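A short worksheet on the structure shown next.
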Amino acid sequence: MPRVVALLLAAGRGRRFGSDKRLARLPDGRGLLAASAERALQVFAEVHVLLRDEDDAQALGLPAACRIIRCSDADQGMGHSLAAGIRALAVQDADAIAVLLGDMPWVAADSLWQLCQQAAAERIVYPLHDGQRGHPVLFGRAFWPALQTLTGDEGARALLQSQAAACQGVALADPGVLRDVDRPQALLND
């Protein structure tokens, strides 16, 4: 099995939500970010959570097993945040980094396992559900240098487009790979 470490992105402001969505409660009472981290810990031996400098991991309900990475320029966009996280993890002895979003707690553990099985240093792996590309995206080691240079708010979209031959979609019967929380109403459909 390829060695994959998880990077859970949670440094954004989530302005469309209207408040700090990372603390929003799911119907079962768990915090949104905490639930996303707990799911990642079910699959990955190492889960690194990217937070803003001022964030309190304990107040966010993050499990103690999570390792924290700080991003001082997170307000400059997802590209900056992703680059900071990849730079911090570039020393890892891993084949790939799974980039997960902190507002997607419904991705099934089995889906994460299936994606990890397809990971490789020269490959970018992502889930497909009903023909739509979802999250997380697993970036092989060969793509880490390019990820470290990202800026702005686009994230890795341009990298995925320019490296289409290295991309591998994995069809999954898991709608959780498409389901994130942008607005409070999204929490009600658990």
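Simple scheme: letters A, B, ... for chains in structure tokens order, numbers from 1 for residues in each chain, numbers from 1 for ligands in the order shown.
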- Write out as a ChimeraX atom specification the residues lying within 12 Å of Ala40 (chain A), counting only C-alpha atoms and excluding same-chain residues fewer than 2 positions away. /A:4-9,33-38,42-49,62-63,65-66,98-102,104-113,116,136
- Write out as a list of chain:residue names the residues lying within 6 Å of region 83-95 of chain A, counting only C-alpha atoms and excluding same-chain residues fewer than 5 positions away.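 Near region 83-95 of chain A, the qualifying residues are A:Arg3, A:Val4, A:Ala120, A:Ala121, A:Gly140, A:Arg141, A:Leu147, A:Gln148, A:Leu150.
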For the residues selected in the previous step, produce a file with N, CA, C and O atoms as a CSV table (one decimal), in the first residue's frame.
chain,number,residue,atom,x,y,z
A,3,ARG,N,2.3,4.9,0.8
A,3,ARG,CA,2.3,5.7,2.1
A,3,ARG,C,1.7,7.0,1.7
A,3,ARG,O,2.3,7.8,0.9
A,4,VAL,N,0.6,7.4,2.4
A,4,VAL,CA,-0.1,8.6,2.1
A,4,VAL,C,-0.3,9.3,3.5
A,4,VAL,O,-0.8,8.7,4.4
A,120,ALA,N,0.3,7.1,-6.0
A,120,ALA,CA,1.7,6.8,-6.5
A,120,ALA,C,2.4,8.2,-6.6
A,120,ALA,O,1.8,9.2,-6.8
A,121,ALA,N,3.7,8.1,-6.5
A,121,ALA,CA,4.5,9.3,-6.6
A,121,ALA,C,4.3,10.1,-7.9
A,121,ALA,O,4.4,11.4,-7.9
A,140,GLY,N,0.8,12.9,-5.8
A,140,GLY,CA,2.0,12.2,-5.7
A,140,GLY,C,3.2,13.2,-5.5
A,140,GLY,O,3.1,14.3,-5.8
A,141,ARG,N,4.2,12.6,-4.9
A,141,ARG,CA,5.4,13.4,-4.6
A,141,ARG,C,6.0,14.2,-5.8
A,141,ARG,O,6.5,15.3,-5.6
A,147,LEU,N,3.0,22.4,-6.3
A,147,LEU,CA,2.0,22.8,-5.3
A,147,LEU,C,2.6,23.8,-4.3
A,147,LEU,O,1.9,24.7,-3.8
A,148,GLN,N,3.9,23.8,-4.0
A,148,GLN,CA,4.5,24.7,-3.1
A,148,GLN,C,4.6,26.1,-3.6
A,148,GLN,O,4.8,27.1,-2.9
A,150,LEU,N,2.0,27.6,-5.3
A,150,LEU,CA,0.6,28.1,-5.6
A,150,LEU,C,0.4,29.4,-4.8
A,150,LEU,O,0.9,29.6,-3.7
- Task: In Å, rounded to a single decimal, give me how far CA of Leu172 (chain A) is from CA of Arg157 (chain A).
- Result: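 The value is 21.0 Å.
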- CA of Arg22 (chain A) and CA of Ala10 (chain A), how far apart in Å? 7.6 Å
- Message: Quick check, in Å to one decimal: how far apart do CA of Asp153 (chain A) and CA of Asp182 (chain A) lie?
- Response: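 It comes out at 15.8 Å.
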- Item | Residue nearest Phe143 (chain A) - candidates A:Ile124, A:Asp20, A:Pro184, A:Gly155, atoms counted: only C-alpha atoms |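 Checking each of A:Ile124, A:Asp20, A:Pro184, A:Gly155 against Phe143 (chain A), counting only C-alpha atoms, the winner is A:Ile124.
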Just list as a compact mmCIF listing (two decimals) with all heavy atoms, in the first residue's frame whatever in region 24-180 of chain A DSSP marks as strand (DSSP E or B).
# COMPACT_ATOMS: atom_id res chain seq x y z
N ARG A 25 -22.31 22.64 14.28
CA ARG A 25 -22.65 21.31 14.78
C ARG A 25 -23.41 20.50 13.74
O ARG A 25 -24.35 20.98 13.12
CB ARG A 25 -23.49 21.42 16.05
CG ARG A 25 -22.76 22.05 17.20
CD ARG A 25 -21.80 21.06 17.81
NE ARG A 25 -20.87 21.75 18.69
CZ ARG A 25 -19.66 21.31 18.98
NH1 ARG A 25 -19.23 20.19 18.45
NH2 ARG A 25 -18.87 21.99 19.77
N GLY A 31 -18.72 18.70 16.05
CA GLY A 31 -18.34 19.87 15.28
C GLY A 31 -17.94 19.45 13.87
O GLY A 31 -17.41 18.36 13.66
N VAL A 47 -2.41 12.71 10.27
CA VAL A 47 -3.35 13.73 9.81
C VAL A 47 -2.83 15.08 10.28
O VAL A 47 -2.71 15.32 11.48
CB VAL A 47 -4.78 13.49 10.35
CG1 VAL A 47 -5.71 14.64 9.95
CG2 VAL A 47 -5.32 12.15 9.84
N HIS A 48 -2.50 15.93 9.32
CA HIS A 48 -2.01 17.28 9.59
C HIS A 48 -3.14 18.25 9.25
O HIS A 48 -3.72 18.16 8.17
CB HIS A 48 -0.78 17.58 8.74
CG HIS A 48 0.34 16.62 8.98
ND1 HIS A 48 1.38 16.91 9.81
CD2 HIS A 48 0.56 15.37 8.50
CE1 HIS A 48 2.21 15.87 9.84
NE2 HIS A 48 1.73 14.93 9.05
N VAL A 49 -3.45 19.15 10.18
CA VAL A 49 -4.54 20.10 9.98
C VAL A 49 -3.94 21.48 9.81
O VAL A 49 -3.18 21.95 10.66
CB VAL A 49 -5.53 20.08 11.16
CG1 VAL A 49 -6.68 21.04 10.89
CG2 VAL A 49 -6.05 18.66 11.39
N LEU A 50 -4.29 22.14 8.71
CA LEU A 50 -3.79 23.48 8.42
C LEU A 50 -4.75 24.51 9.01
O LEU A 50 -5.93 24.53 8.66
CB LEU A 50 -3.67 23.68 6.91
CG LEU A 50 -2.99 24.98 6.52
CD1 LEU A 50 -1.49 24.84 6.68
CD2 LEU A 50 -3.33 25.34 5.09
N LEU A 51 -4.24 25.33 9.93
CA LEU A 51 -5.03 26.35 10.61
C LEU A 51 -4.39 27.72 10.46
O LEU A 51 -3.21 27.82 10.14
CB LEU A 51 -5.13 26.02 12.11
CG LEU A 51 -5.79 24.70 12.50
CD1 LEU A 51 -5.68 24.48 14.01
CD2 LEU A 51 -7.23 24.66 12.05
N ARG A 52 -5.17 28.75 10.75
CA ARG A 52 -4.63 30.11 10.82
C ARG A 52 -3.78 30.24 12.09
O ARG A 52 -3.94 29.46 13.04
CB ARG A 52 -5.77 31.13 10.85
CG ARG A 52 -6.62 31.11 9.58
CD ARG A 52 -7.65 32.23 9.59
NE ARG A 52 -8.67 32.10 10.60
CZ ARG A 52 -9.85 31.52 10.44
NH1 ARG A 52 -10.16 30.99 9.27
NH2 ARG A 52 -10.73 31.46 11.42
N ARG A 67 -1.91 16.63 13.92
CA ARG A 67 -0.73 17.51 13.98
C ARG A 67 -1.12 18.82 13.31
O ARG A 67 -1.74 18.83 12.25
CB ARG A 67 0.44 16.85 13.27
CG ARG A 67 0.80 15.53 13.91
CD ARG A 67 1.84 14.79 13.14
NE ARG A 67 2.02 13.46 13.71
CZ ARG A 67 2.96 12.63 13.33
NH1 ARG A 67 3.81 12.98 12.38
NH2 ARG A 67 3.05 11.45 13.88
N ILE A 68 -0.72 19.92 13.92
CA ILE A 68 -1.15 21.24 13.46
C ILE A 68 -0.05 21.90 12.62
O ILE A 68 1.12 21.90 13.00
CB ILE A 68 -1.51 22.15 14.66
CG1 ILE A 68 -2.55 21.46 15.54
CG2 ILE A 68 -1.98 23.51 14.18
CD1 ILE A 68 -3.85 21.08 14.84
N ILE A 69 -0.47 22.48 11.50
CA ILE A 69 0.39 23.31 10.66
C ILE A 69 -0.25 24.69 10.64
O ILE A 69 -1.47 24.81 10.47
CB ILE A 69 0.48 22.76 9.22
CG1 ILE A 69 1.09 21.36 9.21
CG2 ILE A 69 1.29 23.70 8.32
CD1 ILE A 69 1.02 20.67 7.86
N ARG A 70 0.53 25.72 10.80
CA ARG A 70 0.01 27.09 10.80
C ARG A 70 0.29 27.76 9.46
O ARG A 70 1.34 27.57 8.85
CB ARG A 70 0.68 27.92 11.91
CG ARG A 70 0.46 27.36 13.30
CD ARG A 70 -0.94 27.56 13.76
NE ARG A 70 -1.17 26.94 15.06
CZ ARG A 70 -2.29 27.04 15.72
NH1 ARG A 70 -3.30 27.72 15.23
NH2 ARG A 70 -2.44 26.44 16.87
N CYS A 71 -0.68 28.57 9.03
CA CYS A 71 -0.53 29.32 7.78
C CYS A 71 -0.81 30.79 8.08
O CYS A 71 -1.96 31.17 8.30
CB CYS A 71 -1.50 28.79 6.73
SG CYS A 71 -1.34 29.65 5.15
N ALA A 96 2.48 10.13 -1.37
CA ALA A 96 1.46 11.11 -1.75
C ALA A 96 0.93 11.83 -0.51
O ALA A 96 1.04 11.33 0.61
CB ALA A 96 0.31 10.43 -2.48
N ILE A 97 0.35 12.99 -0.77
CA ILE A 97 -0.36 13.75 0.26
C ILE A 97 -1.82 13.82 -0.18
O ILE A 97 -2.12 14.23 -1.30
CB ILE A 97 0.20 15.18 0.41
CG1 ILE A 97 1.63 15.13 0.94
CG2 ILE A 97 -0.69 16.01 1.35
CD1 ILE A 97 2.33 16.48 0.98
N ALA A 98 -2.71 13.39 0.71
CA ALA A 98 -4.15 13.50 0.46
C ALA A 98 -4.61 14.84 0.99
O ALA A 98 -4.50 15.12 2.18
CB ALA A 98 -4.89 12.37 1.17
N VAL A 99 -5.11 15.68 0.11
CA VAL A 99 -5.59 17.00 0.49
C VAL A 99 -7.10 16.91 0.71
O VAL A 99 -7.87 16.73 -0.24
CB VAL A 99 -5.24 18.07 -0.57
CG1 VAL A 99 -5.81 19.42 -0.17
CG2 VAL A 99 -3.72 18.15 -0.76
N LEU A 100 -7.49 17.01 1.98
CA LEU A 100 -8.89 16.93 2.37
C LEU A 100 -9.38 18.31 2.77
O LEU A 100 -8.58 19.14 3.21
CB LEU A 100 -9.06 15.98 3.55
CG LEU A 100 -8.67 14.52 3.31
CD1 LEU A 100 -7.26 14.25 3.81
CD2 LEU A 100 -9.64 13.61 4.02
N LEU A 101 -10.68 18.52 2.66
CA LEU A 101 -11.27 19.79 3.06
C LEU A 101 -11.95 19.64 4.41
O LEU A 101 -12.63 18.65 4.66
CB LEU A 101 -12.27 20.27 2.00
CG LEU A 101 -11.72 20.40 0.58
CD1 LEU A 101 -12.79 20.92 -0.37
CD2 LEU A 101 -10.49 21.30 0.55
N ILE A 124 -1.79 11.79 -9.73
CA ILE A 124 -2.76 12.59 -9.00
C ILE A 124 -4.07 11.81 -9.03
O ILE A 124 -4.57 11.48 -10.11
CB ILE A 124 -2.96 13.98 -9.64
CG1 ILE A 124 -1.65 14.77 -9.64
CG2 ILE A 124 -4.06 14.76 -8.91
CD1 ILE A 124 -1.70 16.07 -10.44
N VAL A 125 -4.60 11.49 -7.86
CA VAL A 125 -5.78 10.64 -7.76
C VAL A 125 -6.92 11.44 -7.14
O VAL A 125 -6.72 12.18 -6.18
CB VAL A 125 -5.48 9.40 -6.89
CG1 VAL A 125 -6.71 8.54 -6.71
CG2 VAL A 125 -4.33 8.60 -7.48
N TYR A 126 -8.11 11.29 -7.72
CA TYR A 126 -9.28 11.98 -7.16
C TYR A 126 -10.51 11.09 -7.34
O TYR A 126 -10.55 10.23 -8.22
CB TYR A 126 -9.51 13.34 -7.83
CG TYR A 126 -9.56 13.29 -9.32
CD1 TYR A 126 -10.73 12.92 -9.99
CD2 TYR A 126 -8.44 13.59 -10.09
CE1 TYR A 126 -10.77 12.85 -11.36
CE2 TYR A 126 -8.47 13.52 -11.46
CZ TYR A 126 -9.65 13.15 -12.10
OH TYR A 126 -9.69 13.07 -13.46
N PRO A 127 -11.53 11.31 -6.51
CA PRO A 127 -12.76 10.51 -6.64
C PRO A 127 -13.69 11.08 -7.70
O PRO A 127 -13.71 12.28 -7.97
CB PRO A 127 -13.39 10.64 -5.25
CG PRO A 127 -12.94 11.98 -4.76
CD PRO A 127 -11.56 12.18 -5.34
N LEU A 128 -14.46 10.18 -8.27
CA LEU A 128 -15.54 10.55 -9.20
C LEU A 128 -16.83 9.95 -8.66
O LEU A 128 -16.87 8.78 -8.26
CB LEU A 128 -15.28 9.98 -10.59
CG LEU A 128 -14.13 10.57 -11.38
CD1 LEU A 128 -13.85 9.73 -12.62
CD2 LEU A 128 -14.44 12.01 -11.77
N HIS A 129 -17.87 10.77 -8.63
CA HIS A 129 -19.19 10.26 -8.25
C HIS A 129 -20.19 10.82 -9.24
O HIS A 129 -20.26 12.04 -9.44
CB HIS A 129 -19.56 10.69 -6.82
CG HIS A 129 -20.91 10.20 -6.41
ND1 HIS A 129 -21.18 8.88 -6.14
CD2 HIS A 129 -22.08 10.87 -6.26
CE1 HIS A 129 -22.46 8.75 -5.84
NE2 HIS A 129 -23.03 9.94 -5.90
N GLN A 132 -18.86 13.37 -11.62
CA GLN A 132 -18.33 14.64 -11.10
C GLN A 132 -17.07 14.38 -10.26
O GLN A 132 -17.04 13.45 -9.46
CB GLN A 132 -19.36 15.34 -10.21
CG GLN A 132 -20.61 15.76 -10.94
CD GLN A 132 -21.56 16.46 -9.99
OE1 GLN A 132 -21.25 17.52 -9.45
NE2 GLN A 132 -22.72 15.84 -9.77
N ARG A 133 -16.08 15.24 -10.44
CA ARG A 133 -14.85 15.13 -9.67
C ARG A 133 -15.08 15.70 -8.28
O ARG A 133 -15.67 16.76 -8.12
CB ARG A 133 -13.72 15.89 -10.37
CG ARG A 133 -12.40 15.68 -9.68
CD ARG A 133 -11.23 16.13 -10.48
NE ARG A 133 -11.39 17.46 -11.04
CZ ARG A 133 -10.68 17.91 -12.05
NH1 ARG A 133 -9.79 17.15 -12.63
NH2 ARG A 133 -10.86 19.12 -12.51
N VAL A 137 -8.20 15.07 -3.00
CA VAL A 137 -7.28 14.83 -4.12
C VAL A 137 -5.95 14.40 -3.52
O VAL A 137 -5.47 15.01 -2.58
CB VAL A 137 -7.10 16.10 -4.98
CG1 VAL A 137 -6.11 15.83 -6.11
CG2 VAL A 137 -8.44 16.56 -5.54
N LEU A 138 -5.40 13.31 -4.06
CA LEU A 138 -4.12 12.79 -3.58
C LEU A 138 -3.04 13.16 -4.59
O LEU A 138 -3.12 12.75 -5.76
CB LEU A 138 -4.18 11.27 -3.40
CG LEU A 138 -4.95 10.76 -2.17
CD1 LEU A 138 -6.42 11.11 -2.22
CD2 LEU A 138 -4.75 9.27 -2.01
N PHE A 139 -2.08 13.93 -4.15
CA PHE A 139 -1.00 14.40 -5.01
C PHE A 139 0.26 13.60 -4.74
O PHE A 139 0.79 13.61 -3.63
CB PHE A 139 -0.72 15.88 -4.76
CG PHE A 139 -1.84 16.80 -5.20
CD1 PHE A 139 -2.79 17.21 -4.29
CD2 PHE A 139 -1.94 17.22 -6.51
CE1 PHE A 139 -3.83 18.05 -4.67
CE2 PHE A 139 -2.98 18.06 -6.90
CZ PHE A 139 -3.92 18.47 -5.98
N GLY A 140 0.75 12.94 -5.80
CA GLY A 140 2.01 12.21 -5.68
C GLY A 140 3.17 13.16 -5.48
O GLY A 140 3.11 14.34 -5.83
N CYS A 167 -3.40 12.32 -14.09
CA CYS A 167 -4.59 12.27 -13.24
C CYS A 167 -5.34 10.96 -13.42
O CYS A 167 -5.50 10.46 -14.53
CB CYS A 167 -5.51 13.43 -13.56
SG CYS A 167 -4.84 15.04 -13.09
N GLN A 168 -5.80 10.43 -12.30
CA GLN A 168 -6.57 9.20 -12.33
C GLN A 168 -7.82 9.38 -11.47
O GLN A 168 -7.71 9.56 -10.25
CB GLN A 168 -5.75 8.02 -11.81
CG GLN A 168 -6.54 6.74 -11.77
CD GLN A 168 -5.71 5.57 -11.28
OE1 GLN A 168 -4.50 5.54 -11.46
NE2 GLN A 168 -6.36 4.60 -10.67
N GLY A 169 -8.96 9.31 -12.09
CA GLY A 169 -10.21 9.34 -11.36
C GLY A 169 -10.59 7.95 -10.89
O GLY A 169 -10.35 6.97 -11.59
N VAL A 170 -11.15 7.87 -9.70
CA VAL A 170 -11.60 6.60 -9.13
C VAL A 170 -13.11 6.71 -8.90
O VAL A 170 -13.55 7.52 -8.10
CB VAL A 170 -10.87 6.30 -7.80
CG1 VAL A 170 -11.38 4.99 -7.19
CG2 VAL A 170 -9.36 6.25 -8.01
N ALA A 171 -13.87 5.92 -9.65
CA ALA A 171 -15.33 5.95 -9.52
C ALA A 171 -15.75 5.36 -8.19
O ALA A 171 -15.36 4.24 -7.84
CB ALA A 171 -15.97 5.18 -10.67
- Minimum-distance residue to Gly77 (chain A), chosen among A:Val181, A:Ala173, A:Ala11, A:Leu188 (using only C-alpha atoms):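 Of all the options, A:Ala11 lies closest to Gly77 (chain A).
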